[in-house]
>>> print(open('query.csv').read())   # CSV, C-alpha atoms
chain,number,residue,atom,x,y,z
A,1,MET,CA,-36.4,-21.2,-10.1
A,2,PRO,CA,-39.0,-19.0,-8.3
A,3,ALA,CA,-41.6,-21.7,-7.9
A,4,SER,CA,-42.1,-24.5,-5.4
A,5,ALA,CA,-40.6,-27.9,-6.2
A,6,ASP,CA,-43.9,-29.6,-6.3
A,7,LYS,CA,-45.1,-27.2,-9.0
A,8,VAL,CA,-41.9,-27.5,-11.0
A,9,HIS,CA,-42.1,-31.3,-10.9
A,10,ALA,CA,-45.8,-31.2,-11.8
A,11,ALA,CA,-44.9,-29.1,-14.9
A,12,LEU,CA,-41.9,-31.3,-15.9
A,13,THR,CA,-44.1,-34.4,-15.7
A,14,SER,CA,-47.1,-32.9,-17.5
A,15,GLU,CA,-47.7,-33.9,-21.2
A,16,GLN,CA,-49.1,-30.4,-21.9
A,17,TYR,CA,-45.9,-28.7,-20.7
A,18,TRP,CA,-43.8,-30.6,-23.2
A,19,LYS,CA,-46.2,-29.9,-26.1
A,20,ASP,CA,-46.2,-26.2,-25.2
A,21,ARG,CA,-42.4,-26.1,-24.8
A,22,ILE,CA,-41.6,-27.7,-28.1
A,23,GLU,CA,-44.2,-25.5,-29.9
A,24,GLN,CA,-42.9,-22.2,-28.3
A,25,ILE,CA,-39.2,-22.7,-28.2
A,26,GLY,CA,-38.4,-25.9,-30.1
A,27,GLY,CA,-37.3,-24.2,-33.3
A,28,PRO,CA,-38.0,-25.1,-36.9
A,29,GLY,CA,-39.4,-28.6,-37.5
A,30,ALA,CA,-39.4,-29.4,-33.8
A,31,SER,CA,-41.8,-32.1,-32.6
A,32,VAL,CA,-42.7,-34.4,-29.8
A,33,LYS,CA,-41.9,-37.9,-30.9
A,34,SER,CA,-43.3,-39.6,-27.8
A,35,ILE,CA,-44.4,-38.9,-24.2
A,36,THR,CA,-45.0,-41.7,-21.6
A,37,VAL,CA,-46.5,-40.4,-18.4
A,38,GLY,CA,-46.5,-42.6,-15.3
A,39,ASP,CA,-47.4,-42.0,-11.7
A,40,GLY,CA,-45.4,-38.8,-11.1
A,41,THR,CA,-42.9,-39.8,-13.8
A,42,ILE,CA,-42.4,-39.0,-17.5
A,43,ASP,CA,-40.2,-40.1,-20.4
A,44,VAL,CA,-40.1,-37.7,-23.4
A,45,VAL,CA,-38.5,-38.0,-26.8
A,46,LEU,CA,-38.2,-34.8,-28.9
A,47,THR,CA,-36.9,-34.1,-32.3
A,48,GLN,CA,-35.3,-30.7,-33.1
A,49,SER,CA,-33.1,-29.4,-35.9
A,50,VAL,CA,-30.5,-26.8,-36.6
A,51,PRO,CA,-30.5,-25.4,-40.2
A,52,GLU,CA,-27.3,-26.0,-42.1
A,53,GLU,CA,-26.8,-22.3,-42.7
A,54,GLU,CA,-26.6,-21.7,-38.9
A,55,LEU,CA,-23.9,-24.4,-38.3
A,56,PRO,CA,-20.2,-23.5,-38.0
A,57,SER,CA,-17.9,-24.8,-40.7
A,58,ALA,CA,-16.3,-27.3,-38.2
A,59,VAL,CA,-19.7,-29.1,-38.2
A,60,THR,CA,-20.5,-28.8,-41.9
A,61,ALA,CA,-17.1,-30.2,-42.8
A,62,PHE,CA,-18.2,-33.6,-41.6
A,63,LYS,CA,-22.1,-33.3,-41.7
A,64,LYS,CA,-23.9,-31.9,-44.7
A,65,GLY,CA,-27.5,-30.7,-44.3
A,66,ASP,CA,-29.5,-29.7,-41.3
A,67,LEU,CA,-28.6,-31.3,-37.9
A,68,ILE,CA,-31.5,-33.4,-36.7
A,69,ILE,CA,-31.2,-33.9,-33.0
A,70,GLU,CA,-33.2,-36.4,-31.0
A,71,ARG,CA,-33.5,-35.4,-27.3
A,72,THR,CA,-34.6,-37.5,-24.4
A,73,GLU,CA,-35.6,-36.5,-20.9
A,74,SER,CA,-37.0,-38.5,-18.1
A,75,TRP,CA,-38.1,-37.5,-14.6
A,76,GLY,CA,-38.7,-39.8,-11.7
A,77,PRO,CA,-41.1,-39.3,-8.8
A,78,PHE,CA,-41.0,-36.4,-6.4
A,79,ASP,CA,-40.6,-37.3,-2.8
A,80,GLY,CA,-41.6,-33.9,-1.4
A,81,LYS,CA,-38.0,-32.6,-1.5
A,82,HIS,CA,-36.2,-34.2,-4.4
A,83,ALA,CA,-36.6,-35.8,-7.8
A,84,ALA,CA,-34.0,-37.2,-10.2
A,85,GLY,CA,-33.9,-37.7,-14.0
A,86,THR,CA,-31.8,-38.2,-17.0
A,87,PHE,CA,-31.3,-36.4,-20.3
A,88,GLY,CA,-29.7,-37.2,-23.6
A,89,ALA,CA,-29.3,-36.1,-27.2
A,90,THR,CA,-28.0,-37.7,-30.4
A,91,VAL,CA,-27.4,-36.2,-33.8
A,92,GLU,CA,-28.7,-38.1,-36.8
A,93,GLY,CA,-25.9,-39.3,-39.0
A,94,ALA,CA,-23.1,-37.9,-36.8
A,95,PRO,CA,-20.9,-39.5,-34.1
A,96,ALA,CA,-22.1,-37.0,-31.4
A,97,ARG,CA,-24.1,-37.5,-28.2
A,98,ILE,CA,-24.9,-35.8,-24.9
A,99,THR,CA,-25.8,-37.7,-21.8
A,100,GLY,CA,-26.4,-36.6,-18.3
A,101,THR,CA,-28.4,-36.5,-15.1
A,102,THR,CA,-30.8,-33.9,-13.6
A,103,THR,CA,-31.9,-33.2,-10.1
A,104,LEU,CA,-34.7,-31.1,-8.7
A,105,ASP,CA,-34.4,-30.0,-5.1
A,106,ALA,CA,-36.8,-28.0,-2.9
A,107,LYS,CA,-35.3,-24.8,-1.4
A,108,GLY,CA,-38.3,-23.3,0.5
A,109,ASP,CA,-40.5,-21.5,-2.0
A,110,THR,CA,-37.9,-21.9,-4.8
A,111,THR,CA,-36.5,-24.9,-6.6
A,112,THR,CA,-33.0,-25.8,-7.8
A,113,VAL,CA,-32.8,-27.8,-11.0
A,114,ALA,CA,-29.2,-29.0,-11.6
A,115,LEU,CA,-27.8,-30.8,-14.6
A,116,ALA,CA,-24.5,-32.7,-15.0
A,117,GLY,CA,-23.6,-34.1,-18.4
A,118,THR,CA,-21.0,-34.9,-21.0
A,119,THR,CA,-20.7,-34.1,-24.7
A,120,GLU,CA,-18.9,-36.6,-26.9
A,121,VAL,CA,-18.0,-36.1,-30.5
A,122,LYS,CA,-16.0,-38.8,-32.2
A,123,VAL,CA,-14.5,-36.9,-35.1
A,124,PRO,CA,-10.7,-36.8,-35.5
A,125,ILE,CA,-9.0,-33.5,-35.1
A,126,PHE,CA,-12.2,-31.4,-34.9
A,127,GLY,CA,-13.9,-33.4,-32.1
A,128,GLY,CA,-12.8,-31.2,-29.2
A,129,LYS,CA,-13.8,-28.0,-31.0
A,130,ILE,CA,-17.2,-29.4,-32.0
A,131,GLU,CA,-17.8,-30.6,-28.4
A,132,SER,CA,-17.1,-27.1,-27.1
A,133,MET,CA,-19.5,-25.6,-29.6
A,134,ILE,CA,-22.2,-28.1,-28.9
A,135,SER,CA,-21.8,-27.6,-25.1
A,136,GLU,CA,-22.2,-23.8,-25.5
A,137,GLN,CA,-25.3,-24.2,-27.6
A,138,VAL,CA,-26.8,-26.7,-25.2
A,139,LEU,CA,-26.2,-24.5,-22.2
A,140,ALA,CA,-27.9,-21.6,-24.0
A,141,LEU,CA,-30.8,-23.8,-24.9
A,142,ILE,CA,-31.2,-25.0,-21.3
A,143,ASP,CA,-31.2,-21.4,-20.1
A,144,ASN,CA,-34.1,-20.7,-22.6
A,145,GLU,CA,-35.9,-23.8,-21.4
A,146,GLN,CA,-35.5,-22.8,-17.7
A,147,ASP,CA,-37.0,-19.4,-18.5
A,148,PHE,CA,-39.9,-21.1,-20.4
A,149,THR,CA,-40.5,-23.4,-17.4
A,150,GLY,CA,-40.8,-20.6,-14.9
A,151,ASN,CA,-43.2,-18.6,-17.2
A,152,TRP,CA,-45.2,-21.8,-18.0
A,153,ILE,CA,-45.7,-22.6,-14.3
A,154,ALA,CA,-46.8,-19.0,-13.6
A,155,ALA,CA,-49.3,-19.1,-16.4
A,156,ASN,CA,-50.6,-22.6,-15.8
A,157,THR,CA,-50.9,-22.9,-12.0
A,158,ASN,CA,-52.9,-21.2,-9.3
A,159,GLY,CA,-50.8,-19.0,-7.0
>>> encode(input="query.csv", output="structure tokens")
Amino acid sequence: MPASADKVHAALTSEQYWKDRIEQIGGPGASVKSITVGDGTIDVVLTQSVPEEELPSAVTAFKKGDLIIERTESWGPFDGKHAAGTFGATVEGAPARITGTTTLDAKGDTTTVALAGTTEVKVPIFGGKIESMISEQVLALIDNEQDFTGNWIAANTNG
């Protein structure tokens, strides 16, 4: 990300960043459920949905209606070079969840944000196929969120 690590961490631990992000790229019916800001830390709970008509048949075979997704993200303090966090997502009424860790590392005037996670869907026969589809969708979403973050930092910080 073309911004210093202190600016990226400041954005990720800003309540306004999360409100702006959910409003601009959260999708239909998206909302911030809770935000708890600490001393250089944050815990966020978001709700997002995927309309039923946009879901593949492998998903609608076991889950009728829109998918309501509750996402969590937490960031710990920044020590000048590094910060760590966690993320997760669950699907209302479905045996699916995503869990993982995040790291933010200073690289000169740029920042590397890395994610490592797992997707688990406990549905006989279709589970693996659905896990792949969810993983692809989450990776696309994360790319959009990273683009948003870079643009938000440029618009909301000096220099």
>>> closest_residue(input="query.csv", among="A:Ala89, A:Val8, A:Val138, A:Ala116", to="A:Val44", atoms="all atoms listed in the file")
A:Ala89
>>> residues_around(input="query.csv", residues="A:Ala10", least_positions_apart="5", cutoff="12 Å", atoms="all atoms listed in the file", output="PDB file with C-alpha atoms, in the frame of the given file")
ATOM      1  CA  ALA A   3     -41.600 -21.700  -7.900  1.00  0.00           C
ATOM      2  CA  SER A   4     -42.100 -24.500  -5.400  1.00  0.00           C
ATOM      3  CA  ALA A   5     -40.600 -27.900  -6.200  1.00  0.00           C
ATOM      4  CA  GLU A  15     -47.700 -33.900 -21.200  1.00  0.00           C
ATOM      5  CA  GLN A  16     -49.100 -30.400 -21.900  1.00  0.00           C
ATOM      6  CA  TYR A  17     -45.900 -28.700 -20.700  1.00  0.00           C
ATOM      7  CA  TRP A  18     -43.800 -30.600 -23.200  1.00  0.00           C
ATOM      8  CA  VAL A  37     -46.500 -40.400 -18.400  1.00  0.00           C
ATOM      9  CA  GLY A  38     -46.500 -42.600 -15.300  1.00  0.00           C
ATOM     10  CA  ASP A  39     -47.400 -42.000 -11.700  1.00  0.00           C
ATOM     11  CA  GLY A  40     -45.400 -38.800 -11.100  1.00  0.00           C
ATOM     12  CA  THR A  41     -42.900 -39.800 -13.800  1.00  0.00           C
ATOM     13  CA  ILE A  42     -42.400 -39.000 -17.500  1.00  0.00           C
ATOM     14  CA  TRP A  75     -38.100 -37.500 -14.600  1.00  0.00           C
ATOM     15  CA  GLY A  76     -38.700 -39.800 -11.700  1.00  0.00           C
ATOM     16  CA  PRO A  77     -41.100 -39.300  -8.800  1.00  0.00           C
ATOM     17  CA  PHE A  78     -41.000 -36.400  -6.400  1.00  0.00           C
ATOM     18  CA  GLY A  80     -41.600 -33.900  -1.400  1.00  0.00           C
ATOM     19  CA  ALA A  83     -36.600 -35.800  -7.800  1.00  0.00           C
ATOM     20  CA  LEU A 104     -34.700 -31.100  -8.700  1.00  0.00           C
ATOM     21  CA  THR A 149     -40.500 -23.400 -17.400  1.00  0.00           C
ATOM     22  CA  TRP A 152     -45.200 -21.800 -18.000  1.00  0.00           C
ATOM     23  CA  ILE A 153     -45.700 -22.600 -14.300  1.00  0.00           C
ATOM     24  CA  ASN A 156     -50.600 -22.600 -15.800  1.00  0.00           C
ATOM     25  CA  THR A 157     -50.900 -22.900 -12.000  1.00  0.00           C
TER      26      THR A 157
END
>>> closest_residue(input="query.csv", among="A:Leu67, A:Val113, A:Ala61, A:Val32", to="A:Gly150", atoms="all atoms listed in the file")
A:Val113
>>> atom_distance(input="query.csv", atom1="atom CA of A:Val59", atom2="atom CA of A:Ser132")
11.6 Å
>>> atom_distance(input="query.csv", atom1="atom CA of A:Gly85", atom2="atom CA of A:Glu145")
15.9 Å
>>> atom_distance(input="query.csv", atom1="atom CA of A:Thr111", atom2="atom CA of A:Met1")
5.1 Å
>>> residues_around(input="query.csv", residues="A:Thr90", least_positions_apart="2", cutoff="8 Å", atoms="all atoms listed in the file", output="PyMOL selection string")
chain A and resi 69-71+88+92+96-98
>>> closest_residue(input="query.csv", among="A:Lys122, A:Lys7, A:Lys33, A:Arg21", to="A:Thr72", atoms="only C-alpha atoms")
A:Lys33
>>> closest_residue(input="query.csv", among="A:Thr60, A:Ser74, A:Gln48, A:Thr119", to="A:Leu139", atoms="all atoms listed in the file")
A:Thr119
>>> residues_around(input="query.csv", residues="A:Glu53", least_positions_apart="4", cutoff="10 Å", atoms="only C-alpha atoms", output="NGL selection string")
:A and (57 or 60 or 65-66)
>>> build_atoms(input="query.csv", residues="stretch 31-42 of chain A", atoms="all heavy atoms", output="short mmCIF file (atom, residue, chain, number, x, y, z; two decimals), in the coordinates of the input")
data_model
loop_
_atom_site.label_atom_id
_atom_site.label_comp_id
_atom_site.auth_asym_id
_atom_site.auth_seq_id
_atom_site.Cartn_x
_atom_site.Cartn_y
_atom_site.Cartn_z
N SER A 31 -40.56 -31.36 -32.95
CA SER A 31 -41.80 -32.10 -32.60
C SER A 31 -41.57 -33.01 -31.43
O SER A 31 -40.45 -33.31 -31.05
CB SER A 31 -42.17 -32.99 -33.85
OG SER A 31 -41.19 -33.98 -34.08
N VAL A 32 -42.69 -33.39 -30.84
CA VAL A 32 -42.70 -34.40 -29.80
C VAL A 32 -42.84 -35.73 -30.42
O VAL A 32 -43.82 -35.98 -31.11
CB VAL A 32 -43.86 -34.12 -28.78
CG1 VAL A 32 -43.91 -35.24 -27.75
CG2 VAL A 32 -43.73 -32.77 -28.11
N LYS A 33 -41.85 -36.58 -30.27
CA LYS A 33 -41.90 -37.90 -30.90
C LYS A 33 -42.69 -38.89 -30.01
O LYS A 33 -43.48 -39.67 -30.51
CB LYS A 33 -40.45 -38.42 -31.05
CG LYS A 33 -40.30 -39.59 -31.97
CD LYS A 33 -38.83 -39.81 -32.30
CE LYS A 33 -38.64 -41.00 -33.20
NZ LYS A 33 -37.23 -41.23 -33.48
N SER A 34 -42.48 -38.81 -28.68
CA SER A 34 -43.30 -39.60 -27.80
C SER A 34 -43.23 -39.06 -26.36
O SER A 34 -42.27 -38.40 -25.98
CB SER A 34 -42.78 -41.08 -27.76
OG SER A 34 -41.52 -41.17 -27.14
N ILE A 35 -44.32 -39.31 -25.63
CA ILE A 35 -44.40 -38.90 -24.20
C ILE A 35 -45.05 -40.12 -23.50
O ILE A 35 -46.13 -40.57 -23.90
CB ILE A 35 -45.24 -37.67 -23.99
CG1 ILE A 35 -44.61 -36.46 -24.68
CG2 ILE A 35 -45.41 -37.40 -22.49
CD1 ILE A 35 -45.43 -35.18 -24.56
N THR A 36 -44.40 -40.60 -22.45
CA THR A 36 -45.00 -41.70 -21.60
C THR A 36 -45.06 -41.13 -20.21
O THR A 36 -44.03 -40.86 -19.57
CB THR A 36 -44.08 -42.93 -21.67
OG1 THR A 36 -43.87 -43.30 -23.03
CG2 THR A 36 -44.72 -44.06 -20.90
N VAL A 37 -46.29 -40.96 -19.74
CA VAL A 37 -46.50 -40.40 -18.40
C VAL A 37 -46.86 -41.58 -17.47
O VAL A 37 -47.71 -42.42 -17.79
CB VAL A 37 -47.68 -39.40 -18.42
CG1 VAL A 37 -47.96 -38.87 -17.01
CG2 VAL A 37 -47.37 -38.25 -19.36
N GLY A 38 -46.18 -41.63 -16.32
CA GLY A 38 -46.50 -42.60 -15.30
C GLY A 38 -47.03 -41.95 -14.07
O GLY A 38 -47.52 -40.82 -14.15
N ASP A 39 -46.94 -42.58 -12.95
CA ASP A 39 -47.40 -42.00 -11.70
C ASP A 39 -46.34 -41.09 -11.14
O ASP A 39 -45.45 -41.51 -10.41
CB ASP A 39 -47.72 -43.17 -10.71
CG ASP A 39 -48.36 -42.66 -9.43
OD1 ASP A 39 -48.89 -41.53 -9.42
OD2 ASP A 39 -48.33 -43.40 -8.43
N GLY A 40 -46.42 -39.82 -11.53
CA GLY A 40 -45.40 -38.80 -11.10
C GLY A 40 -44.11 -38.95 -11.85
O GLY A 40 -43.09 -38.43 -11.41
N THR A 41 -44.11 -39.65 -12.99
CA THR A 41 -42.90 -39.80 -13.80
C THR A 41 -43.22 -39.48 -15.25
O THR A 41 -44.39 -39.43 -15.65
CB THR A 41 -42.34 -41.24 -13.74
OG1 THR A 41 -43.28 -42.13 -14.36
CG2 THR A 41 -42.08 -41.67 -12.30
N ILE A 42 -42.18 -39.26 -16.04
CA ILE A 42 -42.40 -39.00 -17.50
C ILE A 42 -41.11 -39.38 -18.23
O ILE A 42 -40.00 -39.27 -17.70
CB ILE A 42 -42.75 -37.52 -17.72
CG1 ILE A 42 -43.34 -37.34 -19.12
CG2 ILE A 42 -41.56 -36.60 -17.47
CD1 ILE A 42 -44.12 -36.04 -19.30
#
